[in-house]
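A.B. asks: Following this line is target_10.pdb, made up of PDB, C-alpha atoms and all ligand atoms:
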```pdb
ATOM      1  CA  MET N  16      -6.122 -16.524   5.948
ATOM      2  CA  THR N  17      -2.959 -17.317   7.888
ATOM      3  CA  ALA N  18      -1.212 -15.763  10.909
ATOM      4  CA  PRO N  19       1.017 -12.810   9.997
ATOM      5  CA  ASP N  20       4.508 -13.782   8.884
ATOM      6  CA  VAL N  21       7.132 -11.444  10.370
ATOM      7  CA  ARG N  22      10.398 -11.047   8.434
ATOM      8  CA  ARG N  23      13.190  -9.099  10.116
ATOM      9  CA  HIS N  24      16.113  -7.454   8.328
ATOM     10  CA  ASP N  25      19.257  -5.768   9.582
ATOM     11  CA  ASP N  26      18.611  -2.415   8.022
ATOM     12  CA  ALA N  27      16.468  -0.536   5.514
ATOM     13  CA  ASP N  28      18.700  -1.362   2.538
ATOM     14  CA  VAL N  29      18.546  -5.121   3.183
ATOM     15  CA  LEU N  30      14.814  -4.830   3.820
ATOM     16  CA  VAL N  31      14.166  -3.015   0.547
ATOM     17  CA  GLY N  32      16.359  -5.476  -1.364
ATOM     18  CA  ASP N  33      14.464  -8.473   0.002
ATOM     19  CA  VAL N  34      11.029  -6.959  -0.651
ATOM     20  CA  ALA N  35      12.085  -6.071  -4.198
ATOM     21  CA  SER N  36      13.308  -9.643  -4.832
ATOM     22  CA  ALA N  37      10.133 -11.149  -3.417
ATOM     23  CA  LEU N  38       7.884  -8.851  -5.421
ATOM     24  CA  LEU N  39       9.741  -9.480  -8.677
ATOM     25  CA  ASP N  40       9.597 -13.265  -8.063
ATOM     26  CA  ARG N  41       5.906 -13.071  -7.360
ATOM     27  CA  LEU N  42       5.111 -10.989 -10.451
ATOM     28  CA  GLU N  43       7.259 -13.255 -12.612
ATOM     29  CA  ALA N  44       5.490 -16.363 -11.290
ATOM     30  CA  ALA N  45       2.054 -14.843 -11.886
ATOM     31  CA  GLN N  46       2.980 -13.871 -15.442
ATOM     32  CA  ALA N  47       4.412 -17.354 -16.044
ATOM     33  CA  ARG N  48       0.960 -18.713 -15.100
ATOM     34  CA  GLY N  49      -0.501 -16.471 -17.821
ATOM     35  CA  GLU N  50      -1.939 -13.934 -15.380
ATOM     36  CA  VAL N  51      -1.745 -10.155 -15.540
ATOM     37  CA  PRO N  52      -0.987  -9.450 -11.880
ATOM     38  CA  GLN N  53      -2.540  -6.485 -10.106
ATOM     39  CA  ILE N  54      -0.607  -4.766  -7.368
ATOM     40  CA  GLY N  55      -1.524  -2.080  -4.853
ATOM     41  CA  LEU N  56       1.123   0.557  -4.220
ATOM     42  CA  THR N  57       1.543   2.714  -1.149
ATOM     43  CA  GLY N  58       3.149   6.047  -0.378
ATOM     44  CA  GLY N  59       5.729   7.037   2.184
ATOM     45  CA  SER N  60       9.462   7.004   2.596
ATOM     46  CA  ILE N  61      10.230   3.287   2.528
ATOM     47  CA  ALA N  62       7.860   2.770  -0.414
ATOM     48  CA  ASP N  63       9.786   5.389  -2.343
ATOM     49  CA  GLN N  64      13.035   3.538  -1.642
ATOM     50  CA  LEU N  65      11.429   0.268  -2.759
ATOM     51  CA  HIS N  66      10.103   1.797  -5.973
ATOM     52  CA  ARG N  67      13.585   3.082  -6.841
ATOM     53  CA  GLU N  68      15.102  -0.336  -6.173
ATOM     54  CA  LEU N  69      12.504  -2.038  -8.406
ATOM     55  CA  ALA N  70      13.280   0.435 -11.202
ATOM     56  CA  ARG N  71      17.011  -0.206 -10.762
ATOM     57  CA  ARG N  72      16.503  -3.974 -11.086
ATOM     58  CA  ALA N  73      13.980  -3.819 -13.925
ATOM     59  CA  PRO N  74      16.485  -4.290 -16.787
ATOM     60  CA  ASP N  75      17.743  -7.566 -15.252
ATOM     61  CA  SER N  76      14.355  -8.968 -14.313
ATOM     62  CA  ALA N  77      11.993 -11.143 -16.343
ATOM     63  CA  VAL N  78       8.949  -9.162 -15.222
ATOM     64  CA  ASP N  79       7.030  -7.612 -18.113
ATOM     65  CA  TRP N  80       5.913  -4.365 -16.510
ATOM     66  CA  SER N  81       3.518  -3.661 -19.379
ATOM     67  CA  ARG N  82       1.538  -6.642 -18.055
ATOM     68  CA  VAL N  83       1.255  -5.434 -14.458
ATOM     69  CA  VAL N  84      -1.834  -3.521 -13.326
ATOM     70  CA  PHE N  85      -1.274  -0.742 -10.789
ATOM     71  CA  TRP N  86      -3.627   0.500  -8.082
ATOM     72  CA  TRP N  87      -3.102   2.433  -4.856
ATOM     73  CA  GLY N  88      -4.219   1.521  -1.343
ATOM     74  CA  ASP N  89      -4.833   5.171  -0.611
ATOM     75  CA  GLU N  90      -4.330   8.581  -2.132
ATOM     76  CA  ARG N  91      -4.202  12.168  -0.966
ATOM     77  CA  PHE N  92      -7.003  14.295  -2.486
ATOM     78  CA  VAL N  93      -4.830  17.022  -3.979
ATOM     79  CA  PRO N  94      -4.123  18.204  -7.555
ATOM     80  CA  ARG N  95      -2.648  15.626  -9.918
ATOM     81  CA  ASP N  96       0.759  17.275 -10.060
ATOM     82  CA  SER N  97       1.012  17.799  -6.291
ATOM     83  CA  GLU N  98       4.116  16.372  -4.638
ATOM     84  CA  ASP N  99       1.768  14.970  -1.984
ATOM     85  CA  ARG N 100       0.247  12.491  -4.441
ATOM     86  CA  ASN N 101       1.263   8.897  -3.750
ATOM     87  CA  ALA N 102       0.790   8.249  -7.479
ATOM     88  CA  ARG N 103       3.152  11.043  -8.476
ATOM     89  CA  GLN N 104       5.783   9.663  -6.120
ATOM     90  CA  ALA N 105       5.379   6.149  -7.568
ATOM     91  CA  ARG N 106       5.468   7.376 -11.154
ATOM     92  CA  GLU N 107       8.666   9.355 -10.600
ATOM     93  CA  ALA N 108      10.432   6.532  -8.779
ATOM     94  CA  LEU N 109       9.143   3.471 -10.686
ATOM     95  CA  LEU N 110       6.439   3.715 -13.336
ATOM     96  CA  ASP N 111       8.258   6.290 -15.473
ATOM     97  CA  HIS N 112      11.227   3.927 -15.777
ATOM     98  CA  VAL N 113       9.891   0.431 -16.440
ATOM     99  CA  GLY N 114       7.779   0.417 -19.601
ATOM    100  CA  ILE N 115       4.312   0.190 -18.127
ATOM    101  CA  ASP N 116       1.119   0.225 -20.218
ATOM    102  CA  GLU N 117      -0.693   3.434 -19.213
ATOM    103  CA  ALA N 118      -4.039   1.625 -19.635
ATOM    104  CA  ASN N 119      -3.003  -0.542 -16.678
ATOM    105  CA  VAL N 120      -2.435   2.363 -14.285
ATOM    106  CA  HIS N 121      -5.474   3.195 -12.173
ATOM    107  CA  GLU N 122      -4.979   6.325 -10.129
ATOM    108  CA  VAL N 123      -7.525   7.730  -7.714
ATOM    109  CA  PRO N 124      -8.966  10.866  -9.397
ATOM    110  CA  ALA N 125      -7.289  14.080  -8.247
ATOM    111  CA  SER N 126      -8.849  17.233  -6.788
ATOM    112  CA  ASP N 127      -8.459  19.072 -10.118
ATOM    113  CA  GLU N 128     -10.371  16.298 -11.912
ATOM    114  CA  VAL N 129     -13.379  15.802  -9.620
ATOM    115  CA  VAL N 130     -14.933  18.115  -7.047
ATOM    116  CA  THR N 131     -15.051  16.030  -3.885
ATOM    117  CA  ALA N 132     -13.107  13.179  -2.313
ATOM    118  CA  GLU N 133     -16.444  11.289  -2.252
ATOM    119  CA  GLU N 134     -16.622  11.538  -6.056
ATOM    120  CA  ALA N 135     -13.028  10.371  -6.322
ATOM    121  CA  ALA N 136     -13.731   7.383  -4.043
ATOM    122  CA  GLU N 137     -16.847   6.459  -5.998
ATOM    123  CA  ALA N 138     -15.045   6.714  -9.352
ATOM    124  CA  TYR N 139     -12.121   4.639  -8.060
ATOM    125  CA  SER N 140     -14.515   2.002  -6.668
ATOM    126  CA  ALA N 141     -16.384   1.920  -9.993
ATOM    127  CA  THR N 142     -13.120   1.380 -11.882
ATOM    128  CA  MET N 143     -12.176  -1.442  -9.536
ATOM    129  CA  ARG N 144     -15.579  -3.044 -10.089
ATOM    130  CA  SER N 145     -15.492  -2.674 -13.873
ATOM    131  CA  GLU N 146     -11.928  -3.996 -14.075
ATOM    132  CA  GLY N 147     -12.890  -6.927 -11.860
ATOM    133  CA  ALA N 148     -10.128  -5.826  -9.501
ATOM    134  CA  GLY N 149      -9.642  -6.433  -5.838
ATOM    135  CA  PHE N 150      -7.801  -9.697  -5.690
ATOM    136  CA  PHE N 151      -4.430  -7.994  -5.816
ATOM    137  CA  GLU N 152      -1.467 -10.300  -6.114
ATOM    138  CA  VAL N 153       0.193  -8.051  -3.533
ATOM    139  CA  LEU N 154      -1.058  -4.972  -1.706
ATOM    140  CA  MET N 155       1.812  -3.054  -0.140
ATOM    141  CA  LEU N 156       1.097  -0.924   2.893
ATOM    142  CA  GLY N 157       3.078   1.333   5.162
ATOM    143  CA  ILE N 158       2.249   1.905   8.809
ATOM    144  CA  GLY N 159       2.302   5.308  10.465
ATOM    145  CA  PRO N 160       3.770   5.909  13.934
ATOM    146  CA  ASP N 161       0.145   6.213  15.091
ATOM    147  CA  GLY N 162      -0.744   2.764  13.670
ATOM    148  CA  HIS N 163      -2.580   4.005  10.578
ATOM    149  CA  CYS N 164      -2.368   2.132   7.315
ATOM    150  CA  ALA N 165      -3.520   3.337   3.908
ATOM    151  CA  SER N 166      -5.585   6.350   5.109
ATOM    152  CA  LEU N 167      -7.329   4.494   7.943
ATOM    153  CA  PHE N 168      -6.431   6.529  11.037
ATOM    154  CA  PRO N 169      -6.960   5.639  14.707
ATOM    155  CA  GLY N 170     -10.386   6.611  16.015
ATOM    156  CA  HIS N 171     -11.534   7.934  12.631
ATOM    157  CA  PRO N 172     -15.214   7.314  11.698
ATOM    158  CA  VAL N 173     -14.128   5.874   8.350
ATOM    159  CA  LEU N 174     -12.931   2.754  10.181
ATOM    160  CA  GLU N 175     -16.617   1.803  10.382
ATOM    161  CA  ALA N 176     -17.118   1.858   6.578
ATOM    162  CA  ARG N 177     -18.848  -1.305   5.367
ATOM    163  CA  ASP N 178     -20.054  -2.503   1.932
ATOM    164  CA  ALA N 179     -17.636  -0.168   0.181
ATOM    165  CA  ILE N 180     -14.424  -0.537  -1.791
ATOM    166  CA  ALA N 181     -12.990   2.958  -1.392
ATOM    167  CA  VAL N 182     -14.195   5.839   0.756
ATOM    168  CA  ALA N 183     -13.410   9.510   1.301
ATOM    169  CA  VAL N 184     -11.474  10.583   4.377
ATOM    170  CA  HIS N 185     -11.702  14.095   5.804
ATOM    171  CA  ASP N 186      -9.883  15.593   8.779
ATOM    172  CA  SER N 187      -6.967  13.217   8.458
ATOM    173  CA  PRO N 188      -4.674  13.883  11.433
ATOM    174  CA  LYS N 189      -1.734  13.627   9.024
ATOM    175  CA  PRO N 190      -1.767  16.246   6.264
ATOM    176  CA  PRO N 191      -3.178  16.608   3.719
ATOM    177  CA  PRO N 192      -6.592  16.363   5.418
ATOM    178  CA  ASP N 193      -8.645  15.036   2.474
ATOM    179  CA  ARG N 194      -7.903  11.580   1.163
ATOM    180  CA  VAL N 195      -9.343   8.428  -0.391
ATOM    181  CA  THR N 196      -8.662   5.000   1.070
ATOM    182  CA  LEU N 197      -9.523   1.382   0.413
ATOM    183  CA  THR N 198     -11.653  -0.085   3.184
ATOM    184  CA  PHE N 199     -10.716  -3.042   5.373
ATOM    185  CA  GLU N 200     -13.138  -5.182   3.344
ATOM    186  CA  ALA N 201     -11.421  -4.315   0.072
ATOM    187  CA  MET N 202      -7.944  -4.878   1.469
ATOM    188  CA  ASP N 203      -8.893  -8.231   2.991
ATOM    189  CA  ARG N 204      -9.637  -9.585  -0.497
ATOM    190  CA  CYS N 205      -5.984  -9.370  -1.543
ATOM    191  CA  ARG N 206      -3.957 -12.512  -2.070
ATOM    192  CA  ALA N 207      -1.122 -10.985  -0.108
ATOM    193  CA  VAL N 208      -0.877  -7.933   2.121
ATOM    194  CA  TRP N 209       2.678  -6.771   2.726
ATOM    195  CA  PHE N 210       3.326  -4.235   5.469
ATOM    196  CA  ILE N 211       6.713  -2.595   5.035
ATOM    197  CA  ALA N 212       8.145  -0.633   7.945
ATOM    198  CA  SER N 213      11.515   0.908   8.634
ATOM    199  CA  GLY N 214      12.899   2.919  11.522
ATOM    200  CA  GLU N 215      12.471   3.177  15.259
ATOM    201  CA  GLY N 216       9.609   5.633  14.827
ATOM    202  CA  LYS N 217       7.478   2.691  13.665
ATOM    203  CA  ALA N 218       8.478   0.278  16.464
ATOM    204  CA  ASP N 219       5.628   1.029  18.838
ATOM    205  CA  ALA N 220       2.975   0.923  16.098
ATOM    206  CA  VAL N 221       4.366  -2.365  14.745
ATOM    207  CA  ALA N 222       4.370  -3.882  18.245
ATOM    208  CA  ARG N 223       0.753  -2.819  18.779
ATOM    209  CA  ALA N 224      -0.284  -4.123  15.359
ATOM    210  CA  LEU N 225       1.199  -7.552  16.065
ATOM    211  CA  ALA N 226       0.368  -7.869  19.766
ATOM    212  CA  PRO N 227      -1.983 -10.752  20.688
ATOM    213  CA  ASP N 228      -4.483  -8.229  22.090
ATOM    214  CA  GLY N 229      -5.430  -4.718  21.123
ATOM    215  CA  SER N 230      -8.022  -2.785  19.176
ATOM    216  CA  ILE N 231      -8.348  -1.892  15.522
ATOM    217  CA  GLU N 232      -9.815   1.437  16.641
ATOM    218  CA  GLU N 233      -6.482   2.264  18.286
ATOM    219  CA  THR N 234      -4.217   0.565  15.726
ATOM    220  CA  PRO N 235      -5.957   0.250  12.351
ATOM    221  CA  ALA N 236      -3.116  -1.840  10.882
ATOM    222  CA  ARG N 237      -4.393  -4.709  13.087
ATOM    223  CA  GLY N 238      -7.497  -4.818  10.925
ATOM    224  CA  VAL N 239      -5.987  -5.833   7.561
ATOM    225  CA  ARG N 240      -5.433  -9.473   6.692
ATOM    226  CA  GLY N 241      -4.844 -10.809   3.188
ATOM    227  CA  ASP N 242      -4.938 -14.513   2.356
ATOM    228  CA  GLU N 243      -1.309 -14.105   3.369
ATOM    229  CA  THR N 244      -0.021 -11.208   5.487
ATOM    230  CA  VAL N 245       3.689 -10.450   5.717
ATOM    231  CA  TRP N 246       5.365  -7.846   7.901
ATOM    232  CA  TRP N 247       8.653  -6.782   6.323
ATOM    233  CA  LEU N 248      10.630  -4.980   9.023
ATOM    234  CA  ASP N 249      14.085  -3.621   9.573
ATOM    235  CA  ALA N 250      15.687  -4.091  13.001
ATOM    236  CA  PRO N 251      14.664  -0.684  14.408
ATOM    237  CA  ALA N 252      11.026  -1.157  13.310
ATOM    238  CA  ALA N 253      11.034  -4.652  14.851
ATOM    239  CA  SER N 254      12.652  -3.489  18.084
ATOM    240  CA  GLY N 255       9.377  -3.441  20.050
ATOM    241  CA  LEU N 256       8.540  -7.070  19.212
ATOM    242  CA  PRO N 257       9.361  -9.971  21.496
ATOM    243  CA  THR N 258      12.626 -11.593  20.409
TER     244      THR N 258
HETATM  245  O1  LIG S   1       0.083   9.208   4.585
HETATM  246  C1  LIG S   1       0.533   8.120   4.338
HETATM  247  O2  LIG S   1       1.421   7.544   5.209
HETATM  248  C2  LIG S   1       1.717   6.170   5.195
HETATM  249  C3  LIG S   1       3.078   5.924   5.862
HETATM  250  O3  LIG S   1       4.057   6.819   5.392
HETATM  251  P1  LIG S   1       5.522   6.877   6.034
HETATM  252  O4  LIG S   1       6.246   8.001   5.334
HETATM  253  O5  LIG S   1       5.380   7.110   7.502
HETATM  254  O6  LIG S   1       6.172   5.557   5.744
HETATM  255  C4  LIG S   1       1.601   5.592   3.805
HETATM  256  O7  LIG S   1       1.664   4.194   3.871
HETATM  257  C5  LIG S   1       0.293   6.011   3.152
HETATM  258  O8  LIG S   1       0.151   5.427   1.862
HETATM  259  C6  LIG S   1       0.279   7.479   3.022
HETATM  260  O9  LIG S   1      -0.847   8.019   2.367
END
```
Re-express the file's structure as structure tokens.
C.D. replies:
Amino acid sequence: MTAPDVRRHDDADVLVGDVASALLDRLEAAQARGEVPQIGLTGGSIADQLHRELARRAPDSAVDWSRVVFWWGDERFVPRDSEDRNARQAREALLDHVGIDEANVHEVPASDEVVTAEEAAEAYSATMRSEGAGFFEVLMLGIGPDGHCASLFPGHPVLEARDAIAVAVHDSPKPPPDRVTLTFEAMDRCRAVWFIASGEGKADAVARALAPDGSIEETPARGVRGDETVWWLDAPAASGLPT
């Protein structure tokens, strides 16, 4: 585990372009080694922009998307066709356009497929176990203005979850209230964790996440460290960091 690597970009477009290039290079390298890389997707505005950019570049890239395995760092516990689903957003922006193998797409069960978020979390954890997953090549994460990442919110009891891969979240301060999230333990097993943040609204949370001191309780994004952790930021999101 290394210290977080902070990469600053002039604006959101340059940021998204650089993340897309880095992800495509990484997937290509993994496939060249004979691996079938697993990646963890996230939701949110900048993730949507990134997914669209990856789809745009797909025809010119050497990545074989049918040999990429998709997971999500968190999911909203809503019906499968809800616009709130991170998976629906990712499918519309990326997966529907790049020739994936459906057998390699592992969504968190939706609220019209299982009864409780606990069941969804357990089923998702079981799939991760049976697929031998967890060592994602890259897990992408957003950060909320409150410092949350995935669906780990400040002061929420779920921050204490131990010996679990994915857990249910209720009373999320950001709607929708019921969710499923990977735990810190699960996220820490990833080869690379990439936080992607854009806009001034994220500046304070980013500064707290990267400050030498502070608490995970207050800023959950402080609590995730892959073998390698990269913070991809545009200038407004980086504006609270020391120069
Ligand atoms: O609710 C969520 O929010 C975060 C951040 O979203 P953003 O729109 O503020 O960028 C996202 O990373 C997470 O996956 C999602 O469930």
A.B. asks: What lies within 12 Å of Ser97 (chain N) using all atoms listed in the file, ignoring chain neighbours under 6 positions off, as a PDB file with C-alpha atoms, in the coordinates of the input?
C.D. replies:
```pdb
ATOM      1  CA  GLU N  90      -4.330   8.581  -2.132  1.00  0.00           C
ATOM      2  CA  ARG N  91      -4.202  12.168  -0.966  1.00  0.00           C
ATOM      3  CA  ARG N 103       3.152  11.043  -8.476  1.00  0.00           C
ATOM      4  CA  GLN N 104       5.783   9.663  -6.120  1.00  0.00           C
ATOM      5  CA  ALA N 125      -7.289  14.080  -8.247  1.00  0.00           C
ATOM      6  CA  SER N 126      -8.849  17.233  -6.788  1.00  0.00           C
ATOM      7  CA  ASP N 127      -8.459  19.072 -10.118  1.00  0.00           C
ATOM      8  CA  PRO N 191      -3.178  16.608   3.719  1.00  0.00           C
TER       9      PRO N 191
END
```
A.B. asks: For the provided coordinates, the residues matched by the PyMOL selection byres (((chain N and resi 226-242) around 10) and not hetatm) should be stated as a ChimeraX atom specification.
C.D. replies: /N:16-19,150-154,156-172,174-175,198-210,220-225,243-245,256-257
A.B. asks: Show me the residues close to (-12.3, -4.3, -7.4) - anything with an atom within 12 Å, counting all atoms listed in the file - and format the list as a ChimeraX atom specification.
C.D. replies: /N:53-55,86-88,121,137-151,179-181,197-198,200-205
A.B. asks: Just the number, please: distance in Å from CA of Ala105 (chain N) to CA of Arg67 (chain N), one decimal.
C.D. replies: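 So the answer is 8.8 Å.
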A.B. asks: Expressed in Å to a single decimal, how great is the separation between CA of Gln64 (chain N) and CA of Ala108 (chain N)?
C.D. replies: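 A separation of 8.2 Å between them.
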A.B. asks: Nearest residue to ligand LIG 1 (chain S) out of N:Leu56, N:Ala70, N:Val83, N:Leu110, using all atoms listed in the file?
C.D. replies: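 Of all the options, N:Leu56 lies closest to ligand LIG 1 (chain S).
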A.B. asks: So for ligand LIG 1 (chain S), what box centre and size do we get, axis-aligned, 8 Å extra on each of the six sides, every listed atom, Å to one decimal, as lines of an AutoDock Vina configuration file?
C.D. replies:
```
center_x = 2.7
center_y = 6.7
center_z = 4.7
size_x = 23.1
size_y = 21.0
size_z = 21.6
```
A.B. asks: Select, from N:Gly255, N:Gly49, N:Pro188, N:Pro124, the residue with the minimum atom-to-atom distance to ligand LIG 1 (chain S), counting all atoms listed in the file.
C.D. replies: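 Ranking N:Gly255, N:Gly49, N:Pro188, N:Pro124 by distance to ligand LIG 1 (chain S), first place goes to N:Pro188.
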A.B. asks: For ligand LIG 1 (chain S), which residue out of N:Ala27, N:Ala253, N:Val84, N:Ala212 is the nearest one, using all atoms listed in the file?
C.D. replies: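 The answer is N:Ala212, which sits nearest to ligand LIG 1 (chain S).
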A.B. asks: Of the candidates N:His112, N:Arg100, N:Arg177, N:Arg71, which shows the shortest atom-to-atom distance to ligand LIG 1 (chain S), using all atoms listed in the file?
C.D. replies: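 Smallest distance to ligand LIG 1 (chain S) is found for N:Arg100.
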A.B. asks: Can you work out which one of N:Ala62, N:Leu39, N:Ala47, N:Ile115 has the shortest atom-to-atom distance to ligand LIG 1 (chain S), counting only C-alpha atoms and all ligand atoms?
C.D. replies: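 That would be N:Ala62, the residue with the smallest distance to ligand LIG 1 (chain S).
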A.B. asks: For ligand LIG 1 (chain S), which residue out of N:Ala35, N:Val173, N:Val195, N:Ile61 is the nearest one, using only C-alpha atoms and all ligand atoms?
C.D. replies: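 The closest residue to ligand LIG 1 (chain S) is N:Ile61.
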A.B. asks: Considering all atoms listed in the file, return as a VMD selection string whatever protein or nucleic-acid residues lie within 12 Å of Trp80 (chain N), sequence-local ones (same chain, fewer than 5 positions apart) excluded.
C.D. replies: chain N and resid 39 42 to 43 46 51 to 54 69 to 70 72 to 74 85 109 to 117 119 to 120
